[in-house]
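To start, the structure under review is shown below, and the notes come after it.
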Amino acid sequence: MQFLTFIGFTVLVAVISYLKTRKTKESSSDGYFLGGRSLTAGVIAGSLLLTNLSTEQIVGLNGSAYQSGLSVMVWETLAAVAMIVTAMFLLPRYLKGGLTTVPGFLAKRFDVTTKTLTSVLFLSGYVVVLLPVILYSGSLAISGMFDVPELLNVTHTQSIWICVWGIGIIGSIYAVFGGLKAVAISDSINALGLLIGGILIPIFGLMLIGDGNILDGLSTLTSENPEKFKSMGGATDPVPFYTIFTGMMLVQLFYWGTNQQIIQRALGAKNLKEGQKGLLLASFIKILGPIIVVLPGLIAYHIFQGNLESADSAYPMLVKKVLPNAWVGFFAAVLFGAILSSFNSVLNSSITLFGIDVYKQHLNKDADEKTVVKYGKLFGIALAIAAMFIAPLIANAGSLFAYLQEINGIYSIPILTIIVVGYLTKRVPAIAAKIGLVSGCLLYILSQFILQPYYVNKALANAEVSGITDEATLALIKAQAYPHFLDVMAILFVLNIVIMLIIGKLKPRKEPFVQEYTKQVDITPWKYTKQTGIAICIIVISVYIYFA
């Protein structure tokens, strides 16, 4: 019965997506890559939220909450502020320039080489890290939920391979053959299911704690675990509170404002009003995100008394304990939708970057739009197959959530830097952008993968010599041995901007940059953008004050 519910809901989403996209002209660049620039606020918001929400976040963030408490909610709440900044500052400029890809702006502002370097950085991050991690973490969840090894009489490793290829093939069909509109519509349906299923888990958990009464359960949870309900993280927590004012906001701005896989949804808006409303709706819902990706971890800590072997097993164990059997098939289908969403969204963005910024720009400048889409699809197929082969091999990568955050820092801050400088200055030249990209990547790699291990190992060795064995003390020594990676990002961001501005002063562009209005879409802003943005910021600040 569970399996039939799973198949039924998955097929329903596919059929609705097909019927809704039959009339979109997928042979044109705008039709395939941006859904014909026809996306409305609801579709944009749903797609943004589900593209962001996948198994590595649901499992990983709840695991962090289980371990460290409410302070990890910053990944959700600060995202709301970043989306407001994107809606007010970046999106009007993107739509004014008629952009299909974020690197497309860099070609106009700096030069083609800068654009190509940025596209290659994006593609490298997607191919080597993001796609395989999404496939692997998703396969772990589906294999565990349906007990695939026992169901098919295979080993755990074989079940991961089967699930990886199953998810990969279905996700590829959406992304490669359906274009952005199919991805966005399927996202919106699954987003609704994920919100329903995701909210049910903490509801059933609180009912279990409160003997059938949700409010009693919440009261018991907060009163018996007060140390877990503090919004401000300490020095040894994954996100110390002060990092909100250093690198955390930069990470959020990069992710929601410049990351191709995310912002592509807003670039497909039918006009600026719909794009802004979509971003603001998503930002408001994002404030409720901790109910799905933080609260279950806190409930699991209470129910299992902090005795689970692994923090990352908190969410799956809670689902298994509190969800009635009749709901398991539906929830698995929704979770499958979340996995597919992240996979096919990254794949679709990779196809877009390759087709527009590599194939059309360097391999076949005379290619018509149909040819660009065709070769973008072929690249997407090759990319998907490569990711499906790599995914099962990363079983020993450690914490997937931490792994993703750390690796993404290599390219996120350099790209954010050159986009910010590109829009805020008029005479900084192309050479400054190239130096900013290269120096930003190399300095981050030097810091996080050479200097940090050296200083941390040295501090721990000194602690061992001193006879320190207490885990809490060792964690504090480790945290203080080297700056937090979010602090490193902030330092490099400022350093890169200074370098670019000095170069701009010494060797400025001959002509100041002026952004042209391409008139692809109407860029009249939504009249309530500022008021809505301020209201959402007040809610975020109030949440922090309440739990402080």
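Each chain in the structure tokens gets a letter, A, B, ..., in the order shown, and its residues are numbered from 1; ligands are numbered from 1 in order too.
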
Counting only C-alpha atoms, which residues in stretch 79-155 of chain A sit no more than 6 Å from stretch 381-396 of chain A? For each one, give the nearest pair of atoms and the distance in Å, sorted by chain then residue number, as JSON lines.
```
{"residue": "A:Leu131", "atom": "CA", "partner": "A:Ala387", "partner_atom": "CA", "distance": 6.0}
{"residue": "A:Pro132", "atom": "CA", "partner": "A:Ala391", "partner_atom": "CA", "distance": 4.1}
{"residue": "A:Tyr136", "atom": "CA", "partner": "A:Ala391", "partner_atom": "CA", "distance": 5.2}
```

Go ahead and write the residues just picked, C-alpha atoms, as a compact mmCIF listing (two decimals), in the first residue's frame.
```txt
# COMPACT_ATOMS: atom_id res chain seq x y z
CA LEU A 131 24.84 16.72 -8.14
CA PRO A 132 26.58 13.64 -6.65
CA TYR A 136 23.73 10.06 -2.76
```

Mind checking which residues fall within 7 Å of A:Thr77, counting only C-alpha atoms, ignoring those fewer than 6 positions away in the same chain, and posting them as a CSV table (one decimal) with N, CA, C and O atoms, in the first residue's frame?
```csv
chain,number,residue,atom,x,y,z
A,286,LYS,N,9.9,31.1,4.2
A,286,LYS,CA,11.2,30.6,4.7
A,286,LYS,C,11.3,30.8,6.2
A,286,LYS,O,12.0,30.0,6.9
A,287,ILE,N,10.6,31.8,6.8
A,287,ILE,CA,10.7,32.1,8.2
A,287,ILE,C,10.1,30.9,9.0
A,287,ILE,O,10.4,30.5,10.1
A,540,VAL,N,11.7,38.5,11.6
A,540,VAL,CA,12.9,37.8,11.8
A,540,VAL,C,13.6,38.2,13.1
A,540,VAL,O,14.0,37.4,13.9
```

- Message: Just want the 8 Å neighbourhood of A:Val294, counted on only C-alpha atoms, with same-chain residues fewer than 4 positions away dropped. Output as a list in words.
- Response: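 Contacts, with the query itself left out: Leu61, Asn62, Ala65, Leu70, Val72, Met73, Gly289, Pro290 and Leu298 of chain A.
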
- Task: Could you pull out the residues in stretch 233-286 of chain A that DSSP calls alpha helix (DSSP H) from the backbone, as a list in words?
- Result: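 DSSP on the backbone gives alpha helix (DSSP H) at Met248, Met249, Leu250, Val251, Gln252, Leu253, Gln260, Gln261, Ile262, Ile263, Gln264, Arg265, Ala266, Leu267, Leu272, Lys273, Glu274, Gly275, Gln276, Lys277, Gly278, Leu279, Leu280, Leu281, Ala282, Ser283, Phe284, Ile285 and Lys286 of chain A.
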
- Task: Find the residues around A:Leu206 up to 12 Å (only C-alpha atoms counted), leave out those fewer than 2 positions away in its own chain, and share them as JSON, numbers by chain.
- Result: {"A": [199, 200, 201, 202, 203, 204, 208, 209, 210, 211, 212, 213, 214, 215, 216, 217, 218, 219, 220, 221, 222, 291, 295, 296, 297, 298, 299, 300, 302, 303, 318, 322, 323]}

- Task: Extract, using only C-alpha atoms, all DNA, RNA and protein residues at most 10 Å from A:Gly197, discarding same-chain residues fewer than 2 positions from it, and format them as a list in words.
- Result: Ala191, Leu192, Gly193, Leu194, Leu195, Ile199, Leu200, Ile201, Pro202, Ile203, Ile292, Leu323, Trp327, Val328, Phe330, Phe331, Ala332, Ala333, Val334 and Leu335 of chain A

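Between A:Ile418 and the residues A:Ala433, A:Gly97, A:Leu4, A:Ile84, the shortest atom-to-atom distance, using only C-alpha atoms, involves A:Ala433.
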
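The shortest atom-to-atom distance to A:Leu121, with only C-alpha atoms taken into account, belongs to A:Tyr411 out of A:Tyr423, A:Tyr411, A:Tyr454, A:Tyr528.
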
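Between atom CA of A:Leu486 and atom CA of A:Gly247 the interatomic distance comes to 4.3 Å.
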
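Here the question is which of A:Met489, A:Ile419, A:Ala326, A:Leu476 gets nearest to A:Asn259 using only C-alpha atoms, and that residue is A:Ile419.
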
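Here atom CA of A:Phe245 is placed at a distance of 9.0 Å from atom CA of A:Ala490.
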
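Counting from atom CA of A:Lys374, the distance to atom CA of A:Val120 is 19.7 Å.
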
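The closest residue to A:Ile477, picked from A:Ala235, A:Gly306, A:Phe513, A:Gly278 and counting only C-alpha atoms, is A:Ala235.
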
Find the spatial neighbours of A:Val543, counting only C-alpha atoms, within a cut-off of 12 Å - ignore same-chain residues fewer than 5 positions away - and output them as an mmCIF file with N, CA, C and O atoms, in the first residue's frame.
```cif
data_model
loop_
_atom_site.group_PDB
_atom_site.id
_atom_site.type_symbol
_atom_site.label_atom_id
_atom_site.label_comp_id
_atom_site.auth_asym_id
_atom_site.auth_seq_id
_atom_site.Cartn_x
_atom_site.Cartn_y
_atom_site.Cartn_z
ATOM 1 N N LEU A 70 18.512 25.304 18.686
ATOM 2 C CA LEU A 70 17.779 26.215 17.800
ATOM 3 C C LEU A 70 18.664 27.171 17.003
ATOM 4 O O LEU A 70 18.224 27.728 16.000
ATOM 5 N N SER A 71 19.906 27.372 17.438
ATOM 6 C CA SER A 71 20.761 28.382 16.801
ATOM 7 C C SER A 71 20.996 28.121 15.315
ATOM 8 O O SER A 71 21.254 29.057 14.555
ATOM 9 N N MET A 73 18.909 27.592 13.169
ATOM 10 C CA MET A 73 17.804 28.127 12.357
ATOM 11 C C MET A 73 18.253 29.330 11.521
ATOM 12 O O MET A 73 17.533 29.763 10.615
ATOM 13 N N VAL A 74 19.436 29.866 11.798
ATOM 14 C CA VAL A 74 19.948 31.010 11.053
ATOM 15 C C VAL A 74 20.038 30.717 9.552
ATOM 16 O O VAL A 74 19.873 31.605 8.720
ATOM 17 N N GLU A 76 17.880 29.295 7.851
ATOM 18 C CA GLU A 76 16.553 29.547 7.299
ATOM 19 C C GLU A 76 16.147 31.016 7.448
ATOM 20 O O GLU A 76 15.719 31.640 6.487
ATOM 21 N N THR A 77 16.255 31.553 8.669
ATOM 22 C CA THR A 77 15.742 32.901 8.924
ATOM 23 C C THR A 77 16.511 33.984 8.159
ATOM 24 O O THR A 77 15.916 34.924 7.635
ATOM 25 N N LEU A 78 17.826 33.849 8.074
ATOM 26 C CA LEU A 78 18.609 34.866 7.375
ATOM 27 C C LEU A 78 18.414 34.776 5.856
ATOM 28 O O LEU A 78 18.621 35.747 5.137
ATOM 29 N N PHE A 229 16.772 25.725 23.233
ATOM 30 C CA PHE A 229 15.932 26.764 22.646
ATOM 31 C C PHE A 229 16.546 28.149 22.778
ATOM 32 O O PHE A 229 15.910 29.095 23.228
ATOM 33 N N LYS A 230 17.809 28.263 22.394
ATOM 34 C CA LYS A 230 18.496 29.552 22.392
ATOM 35 C C LYS A 230 18.875 29.906 20.957
ATOM 36 O O LYS A 230 19.541 29.138 20.278
ATOM 37 N N SER A 231 18.424 31.096 20.525
ATOM 38 C CA SER A 231 18.626 31.492 19.129
ATOM 39 C C SER A 231 20.067 31.881 18.820
ATOM 40 O O SER A 231 20.477 31.874 17.660
ATOM 41 N N MET A 232 20.834 32.213 19.847
ATOM 42 C CA MET A 232 22.200 32.703 19.620
ATOM 43 C C MET A 232 23.226 31.600 19.882
ATOM 44 O O MET A 232 23.396 31.161 21.025
ATOM 45 N N ILE A 287 10.640 31.835 6.790
ATOM 46 C CA ILE A 287 10.674 32.059 8.240
ATOM 47 C C ILE A 287 10.066 30.864 8.972
ATOM 48 O O ILE A 287 10.442 30.531 10.093
ATOM 49 N N LEU A 288 9.100 30.197 8.297
ATOM 50 C CA LEU A 288 8.465 29.019 8.888
ATOM 51 C C LEU A 288 9.303 27.760 8.670
ATOM 52 O O LEU A 288 8.963 26.697 9.190
ATOM 53 N N PRO A 290 12.139 26.618 9.894
ATOM 54 C CA PRO A 290 12.607 25.858 11.058
ATOM 55 C C PRO A 290 11.605 24.829 11.588
ATOM 56 O O PRO A 290 11.995 23.856 12.230
ATOM 57 N N ILE A 536 8.825 41.661 6.985
ATOM 58 C CA ILE A 536 9.466 40.342 7.128
ATOM 59 C C ILE A 536 10.731 40.456 7.987
ATOM 60 O O ILE A 536 10.992 39.604 8.847
ATOM 61 N N CYS A 537 11.522 41.515 7.780
ATOM 62 C CA CYS A 537 12.738 41.735 8.595
ATOM 63 C C CYS A 537 12.385 41.907 10.075
ATOM 64 O O CYS A 537 13.090 41.385 10.944
ATOM 65 N N ILE A 538 11.295 42.612 10.357
ATOM 66 C CA ILE A 538 10.851 42.814 11.747
ATOM 67 C C ILE A 538 10.475 41.470 12.376
ATOM 68 O O ILE A 538 10.802 41.210 13.542
ATOM 69 N N ALA A 548 16.073 34.650 22.456
ATOM 70 C CA ALA A 548 17.392 35.012 22.991
ATOM 71 C C ALA A 548 17.511 34.657 24.461
ATOM 72 O O ALA A 548 18.582 34.347 24.945
#
```

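If only C-alpha atoms are the atoms counted, then among A:Pro324, A:Gly125, A:Gly380, A:Gly234 the closest residue to A:Gly171 is A:Gly380.
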